[in-house]
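What's in start.cif: mmCIF, C-alpha atoms
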```
data_run
loop_
_atom_site.group_PDB
_atom_site.id
_atom_site.type_symbol
_atom_site.label_atom_id
_atom_site.label_comp_id
_atom_site.auth_asym_id
_atom_site.auth_seq_id
_atom_site.Cartn_x
_atom_site.Cartn_y
_atom_site.Cartn_z
ATOM 1 C CA MET J 12 5.747 -21.766 19.562
ATOM 2 C CA VAL J 13 3.996 -20.265 22.579
ATOM 3 C CA SER J 14 4.743 -16.733 21.404
ATOM 4 C CA SER J 15 3.189 -17.542 18.010
ATOM 5 C CA PHE J 16 -0.043 -18.578 19.725
ATOM 6 C CA LYS J 17 0.001 -15.421 21.829
ATOM 7 C CA LEU J 18 0.465 -13.302 18.716
ATOM 8 C CA ILE J 19 -2.357 -15.094 16.895
ATOM 9 C CA LYS J 20 -4.624 -14.728 19.934
ATOM 10 C CA LYS J 21 -3.736 -11.036 20.188
ATOM 11 C CA ILE J 22 -4.617 -10.497 16.525
ATOM 12 C CA ILE J 23 -7.881 -12.446 16.755
ATOM 13 C CA THR J 24 -9.041 -10.657 19.900
ATOM 14 C CA HIS J 25 -7.906 -7.160 18.909
ATOM 15 C CA PRO J 26 -10.710 -4.571 18.580
ATOM 16 C CA TYR J 27 -9.406 -3.425 15.181
ATOM 17 C CA THR J 28 -9.658 -6.985 13.855
ATOM 18 C CA ALA J 29 -13.350 -6.936 14.786
ATOM 19 C CA LEU J 30 -13.684 -3.537 13.108
ATOM 20 C CA ILE J 31 -12.143 -4.863 9.892
ATOM 21 C CA CYS J 32 -14.353 -7.962 9.965
ATOM 22 C CA ARG J 33 -17.410 -5.803 10.674
ATOM 23 C CA MET J 34 -16.592 -3.562 7.702
ATOM 24 C CA VAL J 35 -15.899 -6.485 5.343
ATOM 25 C CA LEU J 36 -19.198 -8.134 6.269
ATOM 26 C CA GLY J 37 -21.109 -4.855 6.101
ATOM 27 C CA VAL J 38 -19.809 -3.954 2.656
ATOM 28 C CA GLY J 39 -20.240 -7.531 1.428
ATOM 29 C CA PHE J 40 -23.857 -7.771 2.514
ATOM 30 C CA ILE J 41 -24.723 -4.325 1.159
ATOM 31 C CA TYR J 42 -23.107 -5.209 -2.159
ATOM 32 C CA SER J 43 -24.873 -8.570 -2.334
ATOM 33 C CA SER J 44 -28.263 -6.978 -1.688
ATOM 34 C CA TRP J 45 -28.366 -4.432 -4.532
ATOM 35 C CA ASP J 46 -28.897 -6.589 -7.601
ATOM 36 C CA LYS J 47 -31.360 -8.786 -5.723
ATOM 37 C CA ILE J 48 -33.371 -5.724 -4.657
ATOM 38 C CA LEU J 49 -33.385 -4.428 -8.224
ATOM 39 C CA HIS J 50 -34.348 -7.817 -9.726
ATOM 40 C CA PRO J 51 -36.497 -9.706 -7.189
ATOM 41 C CA GLU J 52 -38.113 -11.929 -9.822
ATOM 42 C CA GLN J 53 -34.707 -13.186 -10.992
ATOM 43 C CA PHE J 54 -33.578 -13.684 -7.399
ATOM 44 C CA ALA J 55 -36.773 -15.661 -6.729
ATOM 45 C CA ARG J 56 -35.811 -17.981 -9.617
ATOM 46 C CA SER J 57 -32.341 -18.406 -8.089
ATOM 47 C CA VAL J 58 -33.896 -19.330 -4.735
ATOM 48 C CA MET J 59 -36.346 -21.697 -6.426
ATOM 49 C CA ASN J 60 -33.460 -23.496 -8.157
ATOM 50 C CA TYR J 61 -32.212 -24.777 -4.790
ATOM 51 C CA ARG J 62 -35.437 -26.816 -4.446
ATOM 52 C CA ILE J 63 -35.556 -26.392 -0.673
ATOM 53 C CA LEU J 64 -38.462 -24.038 0.019
ATOM 54 C CA PRO J 65 -42.104 -24.504 -0.870
ATOM 55 C CA PRO J 66 -42.843 -22.504 -4.043
ATOM 56 C CA GLU J 67 -45.368 -20.281 -2.259
ATOM 57 C CA SER J 68 -42.696 -18.968 0.163
ATOM 58 C CA VAL J 69 -39.996 -18.200 -2.430
ATOM 59 C CA ASN J 70 -41.358 -14.816 -3.567
ATOM 60 C CA LEU J 71 -41.678 -13.533 -0.006
ATOM 61 C CA LEU J 72 -38.123 -14.620 0.784
ATOM 62 C CA ALA J 73 -36.834 -13.068 -2.446
ATOM 63 C CA ILE J 74 -38.306 -9.746 -1.392
ATOM 64 C CA ILE J 75 -37.371 -9.789 2.315
ATOM 65 C CA LEU J 76 -33.877 -11.341 2.258
ATOM 66 C CA PRO J 77 -32.101 -8.667 0.177
ATOM 67 C CA TRP J 78 -33.568 -5.866 2.310
ATOM 68 C CA LEU J 79 -32.480 -7.717 5.454
ATOM 69 C CA GLU J 80 -28.974 -7.999 3.985
ATOM 70 C CA LEU J 81 -28.976 -4.275 3.189
ATOM 71 C CA VAL J 82 -30.205 -3.179 6.618
ATOM 72 C CA CYS J 83 -27.878 -5.467 8.569
ATOM 73 C CA GLY J 84 -24.932 -4.528 6.347
ATOM 74 C CA ASN J 85 -25.573 -0.837 6.941
ATOM 75 C CA PHE J 86 -25.922 -1.380 10.681
ATOM 76 C CA LEU J 87 -22.557 -3.152 10.707
ATOM 77 C CA LEU J 88 -20.892 -0.308 8.807
ATOM 78 C CA LEU J 89 -22.404 2.259 11.137
ATOM 79 C CA GLY J 90 -21.742 0.217 14.246
ATOM 80 C CA LEU J 91 -25.383 0.412 15.258
ATOM 81 C CA PHE J 92 -27.337 -2.560 16.642
ATOM 82 C CA THR J 93 -24.186 -4.550 15.952
ATOM 83 C CA GLY J 94 -24.992 -7.486 18.234
ATOM 84 C CA GLY J 95 -28.382 -8.162 16.690
ATOM 85 C CA SER J 96 -27.200 -7.480 13.155
ATOM 86 C CA ILE J 97 -24.251 -9.859 13.412
ATOM 87 C CA LEU J 98 -26.510 -12.600 14.793
ATOM 88 C CA VAL J 99 -28.895 -12.172 11.854
ATOM 89 C CA ILE J 100 -25.977 -12.199 9.422
ATOM 90 C CA ALA J 101 -24.443 -15.297 11.058
ATOM 91 C CA PHE J 102 -27.825 -17.022 10.784
ATOM 92 C CA MET J 103 -28.146 -16.038 7.108
ATOM 93 C CA ILE J 104 -24.621 -17.313 6.361
ATOM 94 C CA THR J 105 -25.456 -20.598 8.096
ATOM 95 C CA VAL J 106 -28.602 -20.956 5.972
ATOM 96 C CA PHE J 107 -26.555 -20.170 2.844
ATOM 97 C CA LEU J 108 -24.041 -22.874 3.829
ATOM 98 C CA VAL J 109 -26.822 -25.418 4.302
ATOM 99 C CA ALA J 110 -28.491 -24.482 0.999
ATOM 100 C CA ILE J 111 -25.271 -24.641 -1.027
ATOM 101 C CA GLY J 112 -24.148 -27.842 0.696
ATOM 102 C CA SER J 113 -27.539 -29.421 0.095
ATOM 103 C CA ALA J 114 -27.478 -28.511 -3.590
ATOM 104 C CA LEU J 115 -23.940 -29.886 -3.975
ATOM 105 C CA ILE J 116 -24.826 -33.142 -2.209
ATOM 106 C CA ARG J 117 -27.949 -33.553 -4.369
ATOM 107 C CA GLY J 118 -25.929 -32.830 -7.512
ATOM 108 C CA ILE J 119 -27.982 -29.799 -8.505
ATOM 109 C CA ASP J 120 -25.968 -27.759 -10.996
ATOM 110 C CA ILE J 121 -27.105 -24.170 -10.421
ATOM 111 C CA SER J 122 -25.664 -20.706 -10.116
ATOM 112 C CA CYS J 123 -25.395 -19.397 -6.590
ATOM 113 C CA GLY J 124 -27.482 -16.239 -6.822
ATOM 114 C CA CYS J 125 -25.339 -14.949 -3.960
ATOM 115 C CA PHE J 126 -24.296 -11.544 -5.255
ATOM 116 C CA SER J 127 -26.409 -11.369 -8.379
ATOM 117 C CA PRO J 128 -29.340 -13.422 -9.572
ATOM 118 C CA ASN J 129 -27.878 -13.030 -13.070
ATOM 119 C CA SER J 130 -24.623 -14.765 -12.192
ATOM 120 C CA THR J 131 -23.500 -17.634 -14.384
ATOM 121 C CA HIS J 132 -20.987 -18.967 -11.852
ATOM 122 C CA ARG J 133 -21.960 -22.473 -10.803
ATOM 123 C CA ILE J 134 -21.870 -23.460 -7.130
ATOM 124 C CA ASN J 135 -18.940 -25.558 -6.008
ATOM 125 C CA PHE J 136 -16.896 -26.375 -2.914
ATOM 126 C CA LEU J 137 -15.259 -22.914 -2.983
ATOM 127 C CA TYR J 138 -18.646 -21.336 -2.193
ATOM 128 C CA LEU J 139 -18.798 -23.444 0.958
ATOM 129 C CA LEU J 140 -15.279 -22.374 1.844
ATOM 130 C CA ARG J 141 -16.096 -18.689 1.223
ATOM 131 C CA ASP J 142 -19.234 -18.803 3.351
ATOM 132 C CA SER J 143 -17.396 -20.702 6.103
ATOM 133 C CA ILE J 144 -14.818 -17.921 6.218
ATOM 134 C CA LEU J 145 -17.610 -15.330 6.338
ATOM 135 C CA LEU J 146 -19.166 -17.222 9.255
ATOM 136 C CA VAL J 147 -15.837 -17.171 11.115
ATOM 137 C CA LEU J 148 -15.638 -13.394 10.512
ATOM 138 C CA ALA J 149 -19.177 -13.002 11.866
ATOM 139 C CA LEU J 150 -18.342 -15.019 14.970
ATOM 140 C CA GLN J 151 -15.222 -12.927 15.510
ATOM 141 C CA VAL J 152 -17.306 -9.753 15.405
ATOM 142 C CA PHE J 153 -19.925 -11.236 17.717
ATOM 143 C CA ILE J 154 -17.362 -12.264 20.316
ATOM 144 C CA TYR J 155 -14.739 -9.500 20.120
ATOM 145 C CA ASP J 156 -16.443 -6.348 18.788
ATOM 146 C CA ARG J 157 -15.667 -3.384 21.086
ATOM 147 C CA ARG J 158 -17.642 -0.759 19.137
ATOM 148 C CA VAL J 159 -14.551 0.815 17.565
ATOM 149 C CA LEU J 160 -15.691 3.603 15.220
ATOM 150 C CA SER J 161 -19.343 2.912 15.911
ATOM 151 C CA LEU J 162 -22.421 4.986 16.512
ATOM 152 C CA GLU J 163 -23.189 2.730 19.477
ATOM 153 C CA ASN J 164 -19.970 3.883 21.113
ATOM 154 C CA LEU J 165 -20.908 7.538 20.621
ATOM 155 C CA ILE J 166 -24.421 6.955 21.942
ATOM 156 C CA TYR J 167 -23.275 5.050 25.029
ATOM 157 C CA LYS J 168 -20.574 7.587 25.855
ATOM 158 C CA ARG J 169 -23.087 10.446 25.804
ATOM 159 C CA ASN J 170 -25.893 8.534 27.471
ATOM 160 C CA PRO J 171 -24.531 6.008 29.970
ATOM 161 C CA HIS J 172 -28.030 4.805 30.991
#
```
Is it possible to express this structure as structure tokens?
Amino acid sequence: MVSSFKLIKKIITHPYTALICRMVLGVGFIYSSWDKILHPEQFARSVMNYRILPPESVNLLAIILPWLELVCGNFLLLGLFTGGSILVIAFMITVFLVAIGSALIRGIDISCGCFSPNSTHRINFLYLLRDSILLVLALQVFIYDRRVLSLENLIYKRNPH
């Protein structure tokens, strides 16, 4: 039993686990940003459907959020500004969890708008589970990332100051 816990701890804390999580999150956030960037008016409708934000702030969020996802996702893939990017991503995931949970509790039957504002998939408990797993991945990167295959590692090796 003890050796199982040691193995699990070794896997969780391994630098390559953080690299894999960083890549999964980076690719996921880049992918989720594209359709929203291309169709901001449809994404704004998806955001509005959650009935959380004041209507006058929805358009601004629909424009900024996808670009933030794209930039942070790229930074994670490149291994650049990883600490700040993963904090922003963890915050976004937390907001997504709250929004989806709120809609489910209030019985609002809407599509997520997560990866595409044109999606017809209705939110359900599995979306909460998915985003919870993504949050765990983000926390793993935040705690255990060692800049494996990152531009930060190259920069810090050449310029130790």
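Going from atom CA of J:Gln151 to atom CA of J:Arg33 covers 8.9 Å.
The closest residue to J:Ala101, picked from J:Ser143, J:Asn60, J:Ser127, J:Asn70 and counting only C-alpha atoms, is J:Ser143.
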Review point. What's the 12 Å shell around J:Met103, counting all atoms listed in the file, without same-chain residues fewer than 3 positions away, as a PyMOL selection string?
Key: chain J and resi 36+40+72+76-77+79-80+83-84+96-100+106-110+125+142-143+145-146+149
Check your understanding: Between J:Ala29, J:Ser57, J:Ile22, J:Phe92, which one has atoms that come closest to J:Asp120, using only C-alpha atoms?
Key -> J:Ser57
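Counting only C-alpha atoms, the residue from J:Arg133, J:Arg158, J:Arg117, J:Lys17 that sits nearest to J:Leu91 is J:Arg158.
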Point to revise | Residues returned when the PyMOL selection byres ((chain J and resi 58) around 10) runs on this file, as an MDAnalysis selection string | key: chainID J and resid 52:57 59:64 66 69:70 72:73 110 122:125 128
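Going from atom CA of J:Val152 over to atom CA of J:Ile41, you cover 17.0 Å.
Atom pair atom CA of J:Ser43 / atom CA of J:Tyr27 has a distance of 23.9 Å (rounded to one decimal).
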Any idea what's packed within 9 Å of J:Phe126, counting all atoms listed in the file, ignoring anything in its chain fewer than 6 positions away? Could you give it as an mmCIF file with C-alpha atoms, keeping the file's coordinate frame?
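out_4.cif was written with the following content:
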```cif
data_model
loop_
_atom_site.group_PDB
_atom_site.id
_atom_site.type_symbol
_atom_site.label_atom_id
_atom_site.label_comp_id
_atom_site.auth_asym_id
_atom_site.auth_seq_id
_atom_site.Cartn_x
_atom_site.Cartn_y
_atom_site.Cartn_z
ATOM 1 C CA GLY J 39 -20.240 -7.531 1.428
ATOM 2 C CA PHE J 40 -23.857 -7.771 2.514
ATOM 3 C CA TYR J 42 -23.107 -5.209 -2.159
ATOM 4 C CA SER J 43 -24.873 -8.570 -2.334
ATOM 5 C CA SER J 44 -28.263 -6.978 -1.688
ATOM 6 C CA TRP J 45 -28.366 -4.432 -4.532
ATOM 7 C CA ASP J 46 -28.897 -6.589 -7.601
ATOM 8 C CA LYS J 47 -31.360 -8.786 -5.723
#
```
Would you compute the box with edges along x, y and z of the file around stretch 59-69 of chain J, including every atom the file lists for it and 6 Å extra on each side, and give its centre and edge lengths in Å to one decimal, as lines of an AutoDock Vina configuration file?
```
center_x = -38.8
center_y = -22.5
center_z = -4.0
size_x = 25.2
size_y = 20.6
size_z = 20.3
```
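Applied to the shown file, the PyMOL selection byres ((chain J and resi 135) around 9) selects the residues Ile111, Gly112, Leu115, Asp120, Cys123, Arg133, Ile134, Phe136, Leu137, Tyr138 and Leu139 of chain J.
In terms of minimum interatomic distance to J:Tyr167, J:Gly90 ranks closest within J:Gly90, J:Leu81, J:His132, J:Ile104, counting all atoms listed in the file.
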Review point. Between J:Ile74, J:Ile119, J:Leu87, J:Leu140, which one has atoms that come closest to J:Ile31, using all atoms listed in the file?
Key: J:Leu87
